[in-house]
Amino acid sequence: MSRKISIKQAINEALDQEMARDPAVICMGEDIVGGTGADGEKDAWGGVLGVTKGLYAKYGDRLMDTPLSESAYIGAAIGAAACGMRPVAELMFIDFMGVCFDQIYNQAAKFRYMFGGKAETPVVIRAMVGAGFRAAAQHSQMLTPLFTHIPGLKVVCPSTPYDTKGLLIQAIRDNDPVIFCEHKALYGIEGEVPEGSYTIPLGEANVVREGKHCSIVTYGLMVHRSLEAAATLAKEGVEVEIVDLRSLSPLDMDTVLDSVTKTSRLVCVDEASPRCNIATDISAQVAMNAFSALKAQIEMVTPPHTPVPFSPALEDLYIPSAAQIAAAVRKTVKGGKA
Amino acid sequence: MSITPIIMPKWGLSMKQGTVMSWLVDVGASISVGKPIMEVETDKIASDVEAPDPGILRRKIANPGEVFPVKALLGVMAGAEVTDAQIDEFIAAYVTPADADDTEDGAAEQAWQWVDIDGIRVRYARRGNATGGKLPVLFIHGFGGDLDNWLFNIDAVGAQNPVIALDLPAHGQSSLTLAGTTLKDLARFVANFLDAIEVPRAHLVGHSMGGAIAAQLARDAPARVATLSLIGSAGLGREINAEYLAGYVAANSRRELKPVVEQLFADASLVSRQLLDDLLKYKRLDGVSAALTELAAGLFPAGQQGELPVSALAVGSIPLQVIWGEADRIIPASHAALAPRGAKVTVLTGAGHMVQMEKAGEVNALIKAHVG
């Protein structure tokens, strides 16, 4: 049966069920066990926002508190994966990927290819993404395009508790490295989630709202902003279809093209910086493969090409809003051929 | 004076509101019971609203495209003797009743109940009219289905009799543990379920595999079965669409599942996004694929039906009716002709395997007449 839980609880439950199911699953990260190194659950902080809380009491040493050295433990996780474990490494903020990039894009992503399929790297690297947390320029980025750029990496960014649990379990069972992006502003949202284990295939988008006038293709927090925009637009008689990509690599272009073929209009919404991001990728592929289906220009809604501001007033302006998304839809619906 | 309100129906436990698509009759038209009056669409499916009583359509309140909550007033039927002023008065006085299941939290838990049988946790719904002293009607779904397969039937039949619908083992939200893979095992399980909820005797309505289970129960424990209504039922002939069974078990994405599930309906447009999402949520649970594979291998070895309990039924003591959708692509409607002598046979046009959804009004009327 299912009940309502948050995304944070969904991540915890997925880790719990996979650790119970498969002894090769281990967790590594900063503070994922205890904040001060004291024994037991009393001091088990469970990560910077408490996502892994309670797991140490159940699985003990299969959760490892690491030194504050991302390059060391991400490398260790990738090495352990190559040797038969299924590590889930928590990197806290995706912004810290920079210090361990060689391990990720030059090693983990390449092993299967360079060893002729004889090596696999079933590692999951979990990291918080996104702005809106008043955490300034170095803890707020949406760096998904850095990872979709690399062949050999899978990239996931869910928007609901149901998708989060199913995609994380699939990511852990997957035999390739998966960058699992968790939007920190969504940790608290609740939704129906089955108690039992289940998987959602990587590379399958979800049509979260059906409509005939315009397609919005997006992921993560922007799914929720797009739904808000869709509710406003519905009152104006504009029915928007929303495609939640869920997985960014592999990318479900079939669902995107089906939707655009149906609606003839496209707005890509992406919280990542505007140059070479998911929105530009989708736009280019649609323009190339479904140009004749389009009745108007493609619109993109992204933040400006700046660092995420620390000023709360500016940060709120930085993140694409429902109003901006609605305005983009109106623009393309009014534009082009009748 | 008799005024009949036409209200937004509640199809399935999760339905909160519906969109009025179109009116199918004009004001002033005489309407007989069961005649489709209007089309309504929910996020799960579209269907017709049917007349609960005979009368004349006197007033349309809902306009096409408008959304109304469950039980809201959509129109008014009345006899010719009722004046327009009386109808105005009725409309002004109408208050949409609160949805009994619509409480803030735990709505679903209240609508469903749970019982443990042989270590298997079973979800079931128990509703309907218990005041008339009538025997309950038990609905048994088919392979890969769940109690929501009866979403257009439970409340309609429940207006006459108490109704019960269960999720079979490894189906719906019941535990993912099989209670055996023979009809005898499954019939015994259903009997144990009836024991557990203290129902000594019931009318059985079974769809597809559920029909074969109902027939097996009628053979093994005839005293417990008042009547049988078998819908698109297994258990009459060997043939079954093995490609469908394999496709249903294997499909793991909306793209794969859609063409498979479309085979269940004469009108493929009834397969909505929500319907597929609900099926995928079930099918993606760990253990479902293995359980369905094992069950299919037990019941349908070599792509055929292994057991035919309906053929051997003696119709005398337990009245039997067989209902089929003419365009059934899973178990052919020609099997209706294999029903035992004395059975009441109805083949409905414009419906496929899910005839109880596609022709809900007719099927409900047939069930209500059969269970008396």
# chains A, B, ... in the order shown; residues from 1 in each chain; ligands from 1
>>> select_by_dssp(residues="region 36-149 of chain A", states="strand (DSSP E or B)", output="PyMOL selection string")
chain A and resi 63-65+86-93+124-129
>>> interface_residues(of="chain B", to="chain A", cutoff="10 Å", atoms="only C-alpha atoms", output="list in words")
Asp105, Gly106, Ala108, Glu109, Arg121, Arg123, Gly172, Gln173, Ser174, Ser175, Leu176, Asn252, Ser253, Arg254, Arg255, Arg273, Gln274, Asp277, Leu280, Lys281, Tyr282, Lys283, Arg284, Leu285, Asp286, Gly287 and Val288 of chain B
>>> write_last_selection(atoms="C-alpha atoms", output="PDB file, in the first residue's frame")
ATOM      1  CA  ASP B 105      -6.297  12.533   5.636  1.00  0.00           C
ATOM      2  CA  GLY B 106      -6.652   8.804   5.429  1.00  0.00           C
ATOM      3  CA  ALA B 108      -8.223   6.003   1.094  1.00  0.00           C
ATOM      4  CA  GLU B 109      -7.785   4.012   4.277  1.00  0.00           C
ATOM      5  CA  ARG B 121      -2.765  -8.938   3.441  1.00  0.00           C
ATOM      6  CA  ARG B 123      -7.278  -4.956   0.361  1.00  0.00           C
ATOM      7  CA  GLY B 172      -3.652  -4.276  -6.629  1.00  0.00           C
ATOM      8  CA  GLN B 173      -2.555  -3.372  -3.133  1.00  0.00           C
ATOM      9  CA  SER B 174      -2.774  -6.834  -1.601  1.00  0.00           C
ATOM     10  CA  SER B 175       0.474  -8.564  -0.586  1.00  0.00           C
ATOM     11  CA  LEU B 176       2.685  -9.657  -3.458  1.00  0.00           C
ATOM     12  CA  ASN B 252       7.648  -1.701 -18.073  1.00  0.00           C
ATOM     13  CA  SER B 253       7.073   1.700 -19.662  1.00  0.00           C
ATOM     14  CA  ARG B 254       4.046   3.683 -20.737  1.00  0.00           C
ATOM     15  CA  ARG B 255       5.193   3.338 -24.336  1.00  0.00           C
ATOM     16  CA  ARG B 273      -2.504   8.558 -19.166  1.00  0.00           C
ATOM     17  CA  GLN B 274      -3.769   8.104 -15.616  1.00  0.00           C
ATOM     18  CA  ASP B 277       0.256   5.375 -14.771  1.00  0.00           C
ATOM     19  CA  LEU B 280       2.687   1.005 -14.151  1.00  0.00           C
ATOM     20  CA  LYS B 281       2.809   1.901 -10.463  1.00  0.00           C
ATOM     21  CA  TYR B 282       1.581  -1.601  -9.732  1.00  0.00           C
ATOM     22  CA  LYS B 283       3.657  -3.404 -12.333  1.00  0.00           C
ATOM     23  CA  ARG B 284       6.908  -1.712 -11.261  1.00  0.00           C
ATOM     24  CA  LEU B 285       6.708  -3.014  -7.705  1.00  0.00           C
ATOM     25  CA  ASP B 286       9.397  -5.587  -6.951  1.00  0.00           C
ATOM     26  CA  GLY B 287       7.896  -9.051  -7.234  1.00  0.00           C
ATOM     27  CA  VAL B 288       4.882  -8.250  -9.430  1.00  0.00           C
TER      28      VAL B 288
END
>>> residues_around(residues="region 50-52 of chain B", least_positions_apart="2", cutoff="9 Å", atoms="only C-alpha atoms", output="list in words")
Thr4, Ile6, Ile31, Ser32, Val33, Gly34, Lys35, Pro36, Ile37, Met38, Asp48, Pro54, Gly55, Met77 and Gly361 of chain B
>>> write_last_selection(atoms="N, CA and C atoms", output="mmCIF file, in the first residue's frame")
data_model
loop_
_atom_site.group_PDB
_atom_site.id
_atom_site.type_symbol
_atom_site.label_atom_id
_atom_site.label_comp_id
_atom_site.auth_asym_id
_atom_site.auth_seq_id
_atom_site.Cartn_x
_atom_site.Cartn_y
_atom_site.Cartn_z
ATOM 1 N N THR B 4 -36.125 13.728 -9.936
ATOM 2 C CA THR B 4 -34.887 12.954 -9.836
ATOM 3 C C THR B 4 -33.710 13.854 -10.184
ATOM 4 N N ILE B 6 -30.027 14.636 -11.416
ATOM 5 C CA ILE B 6 -28.918 13.993 -12.139
ATOM 6 C C ILE B 6 -27.650 14.572 -11.529
ATOM 7 N N ILE B 31 -37.044 9.611 -20.736
ATOM 8 C CA ILE B 31 -35.837 8.813 -20.538
ATOM 9 C C ILE B 31 -36.208 7.560 -19.757
ATOM 10 N N SER B 32 -35.720 6.416 -20.250
ATOM 11 C CA SER B 32 -35.953 5.172 -19.518
ATOM 12 C C SER B 32 -34.740 4.865 -18.646
ATOM 13 N N VAL B 33 -34.928 3.969 -17.694
ATOM 14 C CA VAL B 33 -33.845 3.640 -16.768
ATOM 15 C C VAL B 33 -32.642 3.102 -17.538
ATOM 16 N N GLY B 34 -31.461 3.598 -17.184
ATOM 17 C CA GLY B 34 -30.244 3.083 -17.795
ATOM 18 C C GLY B 34 -29.873 3.776 -19.092
ATOM 19 N N LYS B 35 -30.727 4.678 -19.580
ATOM 20 C CA LYS B 35 -30.389 5.378 -20.824
ATOM 21 C C LYS B 35 -29.276 6.394 -20.554
ATOM 22 N N PRO B 36 -28.260 6.419 -21.422
ATOM 23 C CA PRO B 36 -27.194 7.405 -21.223
ATOM 24 C C PRO B 36 -27.743 8.824 -21.396
ATOM 25 N N ILE B 37 -27.467 9.680 -20.418
ATOM 26 C CA ILE B 37 -27.970 11.053 -20.435
ATOM 27 C C ILE B 37 -26.882 12.027 -20.865
ATOM 28 N N MET B 38 -25.693 11.799 -20.347
ATOM 29 C CA MET B 38 -24.603 12.723 -20.663
ATOM 30 C C MET B 38 -23.263 12.005 -20.552
ATOM 31 N N ASP B 48 -20.511 7.351 -19.653
ATOM 32 C CA ASP B 48 -21.824 7.970 -19.691
ATOM 33 C C ASP B 48 -22.453 7.990 -18.303
ATOM 34 N N PRO B 54 -36.905 6.461 -14.434
ATOM 35 C CA PRO B 54 -37.498 7.009 -15.652
ATOM 36 C C PRO B 54 -38.018 8.417 -15.395
ATOM 37 N N GLY B 55 -38.161 9.202 -16.456
ATOM 38 C CA GLY B 55 -38.686 10.556 -16.289
ATOM 39 C C GLY B 55 -38.430 11.371 -17.533
ATOM 40 N N MET B 77 -34.492 15.625 -13.695
ATOM 41 C CA MET B 77 -35.534 14.860 -14.369
ATOM 42 C C MET B 77 -36.784 14.881 -13.499
ATOM 43 N N GLY B 361 -23.522 0.692 -17.873
ATOM 44 C CA GLY B 361 -24.957 0.769 -17.596
ATOM 45 C C GLY B 361 -25.650 -0.553 -17.878
#
>>> select_by_dssp(residues="region 20-223 of chain A", states="helix (DSSP H, G or I)", output="PyMOL selection string")
chain A and resi 20-21+41-43+55-62+70-82+94-108+111-114+144-148+161-173+184-186+221-223
>>> write_last_selection(atoms="C-alpha atoms", output="short mmCIF file (atom, residue, chain, number, x, y, z; two decimals), in the first residue's frame")
data_model
loop_
_atom_site.label_atom_id
_atom_site.label_comp_id
_atom_site.auth_asym_id
_atom_site.auth_seq_id
_atom_site.Cartn_x
_atom_site.Cartn_y
_atom_site.Cartn_z
CA ALA A 20 18.41 -4.49 3.26
CA ARG A 21 18.10 -6.23 -0.10
CA GLU A 41 22.03 6.95 16.73
CA LYS A 42 21.95 9.67 19.39
CA ASP A 43 24.54 11.60 17.55
CA LEU A 55 20.31 4.08 8.72
CA TYR A 56 23.46 3.83 10.85
CA ALA A 57 21.50 2.13 13.63
CA LYS A 58 20.37 -0.52 11.13
CA TYR A 59 23.43 -1.01 8.96
CA GLY A 60 26.35 0.14 11.13
CA ASP A 61 29.64 0.21 9.30
CA ARG A 62 27.98 0.00 5.89
CA GLU A 70 35.52 14.84 -1.73
CA SER A 71 38.33 13.89 -4.07
CA ALA A 72 39.32 11.07 -1.69
CA TYR A 73 35.96 9.48 -0.97
CA ILE A 74 34.40 9.91 -4.40
CA GLY A 75 37.51 8.19 -5.74
CA ALA A 76 37.12 5.48 -3.09
CA ALA A 77 33.44 4.99 -4.00
CA ILE A 78 34.26 4.68 -7.68
CA GLY A 79 37.06 2.22 -6.92
CA ALA A 80 34.78 0.17 -4.66
CA ALA A 81 32.16 0.12 -7.43
CA ALA A 82 34.69 -1.14 -9.93
CA ILE A 94 26.71 19.41 -6.37
CA ASP A 95 28.82 22.56 -6.33
CA PHE A 96 31.60 20.50 -4.69
CA MET A 97 31.89 18.14 -7.67
CA GLY A 98 34.67 20.35 -8.99
CA VAL A 99 37.29 18.94 -6.65
CA CYS A 100 36.65 15.34 -7.73
CA PHE A 101 35.96 15.78 -11.38
CA ASP A 102 38.76 13.63 -12.71
CA GLN A 103 37.45 10.63 -10.78
CA ILE A 104 33.97 11.22 -12.18
CA TYR A 105 34.33 12.20 -15.81
CA ASN A 106 37.71 10.74 -16.68
CA GLN A 107 37.56 7.55 -14.60
CA ALA A 108 34.06 6.35 -13.64
CA PHE A 111 35.80 2.46 -17.37
CA ARG A 112 33.16 0.47 -19.25
CA TYR A 113 34.30 1.94 -22.58
CA MET A 114 38.05 1.78 -22.08
CA THR A 144 23.08 19.20 -14.41
CA PRO A 145 24.46 20.17 -17.87
CA LEU A 146 28.06 19.56 -16.72
CA PHE A 147 27.15 15.89 -16.32
CA THR A 148 24.84 15.40 -19.29
CA PRO A 161 8.54 11.60 -3.86
CA TYR A 162 7.19 8.73 -6.02
CA ASP A 163 9.73 9.33 -8.78
CA THR A 164 12.54 9.90 -6.28
CA LYS A 165 12.18 6.51 -4.63
CA GLY A 166 11.74 4.55 -7.87
CA LEU A 167 14.56 6.34 -9.67
CA LEU A 168 16.99 6.06 -6.74
CA ILE A 169 16.37 2.31 -6.43
CA GLN A 170 16.89 1.96 -10.20
CA ALA A 171 20.05 4.11 -9.96
CA ILE A 172 21.46 1.84 -7.25
CA ARG A 173 20.67 -1.30 -9.27
CA LYS A 184 16.93 20.94 -1.85
CA ALA A 185 13.82 23.12 -2.17
CA LEU A 186 11.76 19.98 -2.86
CA LEU A 221 11.74 22.30 -9.13
CA MET A 222 10.71 23.84 -12.46
CA VAL A 223 8.07 21.11 -12.88
#
>>> residues_around(residues="Phe300 (chain B)", least_positions_apart="3", cutoff="10 Å", atoms="only C-alpha atoms", output="NGL selection string")
:B and (181-182 or 238-242 or 245 or 294-297 or 303-307)
>>> atom_distance(atom1="CA of Lys295 (chain A)", atom2="CA of Tyr219 (chain A)")
23.8 Å
>>> residues_around(residues="Arg224 (chain B)", least_positions_apart="5", cutoff="8 Å", atoms="only C-alpha atoms", output="number ranges by chain")
B: 200-202, 218
>>> write_last_selection(atoms="N, CA and C atoms", output="JSON list (two decimals), in the first residue's frame")
[["chain", "number", "residue", "atom", "x", "y", "z"],
["B", 200, "PRO", "N", -21.18, -15.72, 4.72],
["B", 200, "PRO", "CA", -21.36, -17.14, 4.43],
["B", 200, "PRO", "C", -21.77, -17.42, 2.98],
["B", 201, "ARG", "N", -22.49, -16.46, 2.37],
["B", 201, "ARG", "CA", -23.04, -16.73, 1.03],
["B", 201, "ARG", "C", -23.12, -15.41, 0.27],
["B", 202, "ALA", "N", -22.83, -15.47, -1.03],
["B", 202, "ALA", "CA", -22.83, -14.23, -1.81],
["B", 202, "ALA", "C", -23.16, -14.51, -3.26],
["B", 218, "ALA", "N", -18.02, -22.05, -7.15],
["B", 218, "ALA", "CA", -19.38, -22.59, -7.23],
["B", 218, "ALA", "C", -19.37, -24.11, -7.30]]
>>> residues_around(residues="Pro332 (chain B)", least_positions_apart="6", cutoff="12 Å", atoms="only C-alpha atoms", output="list in words")
Ser208, Ile231, Gly232, Ser233, Ala234, Gly235, Leu236, Gly237, Arg238, Glu239, Ile240, Asn241, Leu264, Ile323, Trp324, Gly325, Glu326, Leu338, Val347, Ala351, Gly352 and His353 of chain B
>>> write_last_selection(atoms="C-alpha atoms", output="compact mmCIF listing (two decimals), in the first residue's frame")
# COMPACT_ATOMS: atom_id res chain seq x y z
CA SER B 208 -11.93 -12.84 -16.99
CA ILE B 231 -18.02 -11.33 -17.60
CA GLY B 232 -15.58 -11.86 -20.52
CA SER B 233 -14.81 -14.93 -18.51
CA ALA B 234 -12.06 -17.49 -18.55
CA GLY B 235 -13.05 -21.07 -17.95
CA LEU B 236 -15.33 -21.67 -20.96
CA GLY B 237 -12.92 -22.40 -23.80
CA ARG B 238 -9.22 -22.98 -24.41
CA GLU B 239 -8.43 -19.88 -26.40
CA ILE B 240 -6.88 -16.82 -24.74
CA ASN B 241 -4.72 -14.04 -26.20
CA LEU B 264 -8.66 -4.52 -23.56
CA ILE B 323 -21.82 -11.40 -20.41
CA TRP B 324 -19.39 -10.64 -23.22
CA GLY B 325 -18.16 -7.67 -25.19
CA GLU B 326 -18.51 -8.53 -28.86
CA LEU B 338 -19.95 -22.54 -24.81
CA VAL B 347 -23.18 -10.27 -25.92
CA ALA B 351 -17.35 -3.28 -26.10
CA GLY B 352 -14.14 -5.22 -25.65
CA HIS B 353 -12.76 -7.29 -22.79
>>> residues_around(residues="Arg58 (chain B)", least_positions_apart="4", cutoff="7 Å", atoms="only C-alpha atoms", output="PyMOL selection string")
chain B and resi 27-28+76-78
>>> closest_residue(among="A:Val33, A:Met300, A:Ala323, A:Leu153", to="Glu120 (chain A)", atoms="only C-alpha atoms")
A:Leu153
>>> atom_distance(atom1="CA of Met253 (chain A)", atom2="CA of Lys8 (chain A)")
28.7 Å
>>> atom_distance(atom1="CA of Glu299 (chain A)", atom2="CA of Val329 (chain A)")
7.5 Å
>>> closest_residue(among="A:Val178, A:Leu314, A:Met288, A:Ala293", to="Ser259 (chain A)", atoms="only C-alpha atoms")
A:Ala293
>>> closest_residue(among="B:Leu292, B:Val95, B:Ala343, B:Ala333", to="Ser317 (chain B)", atoms="only C-alpha atoms")
B:Ala343
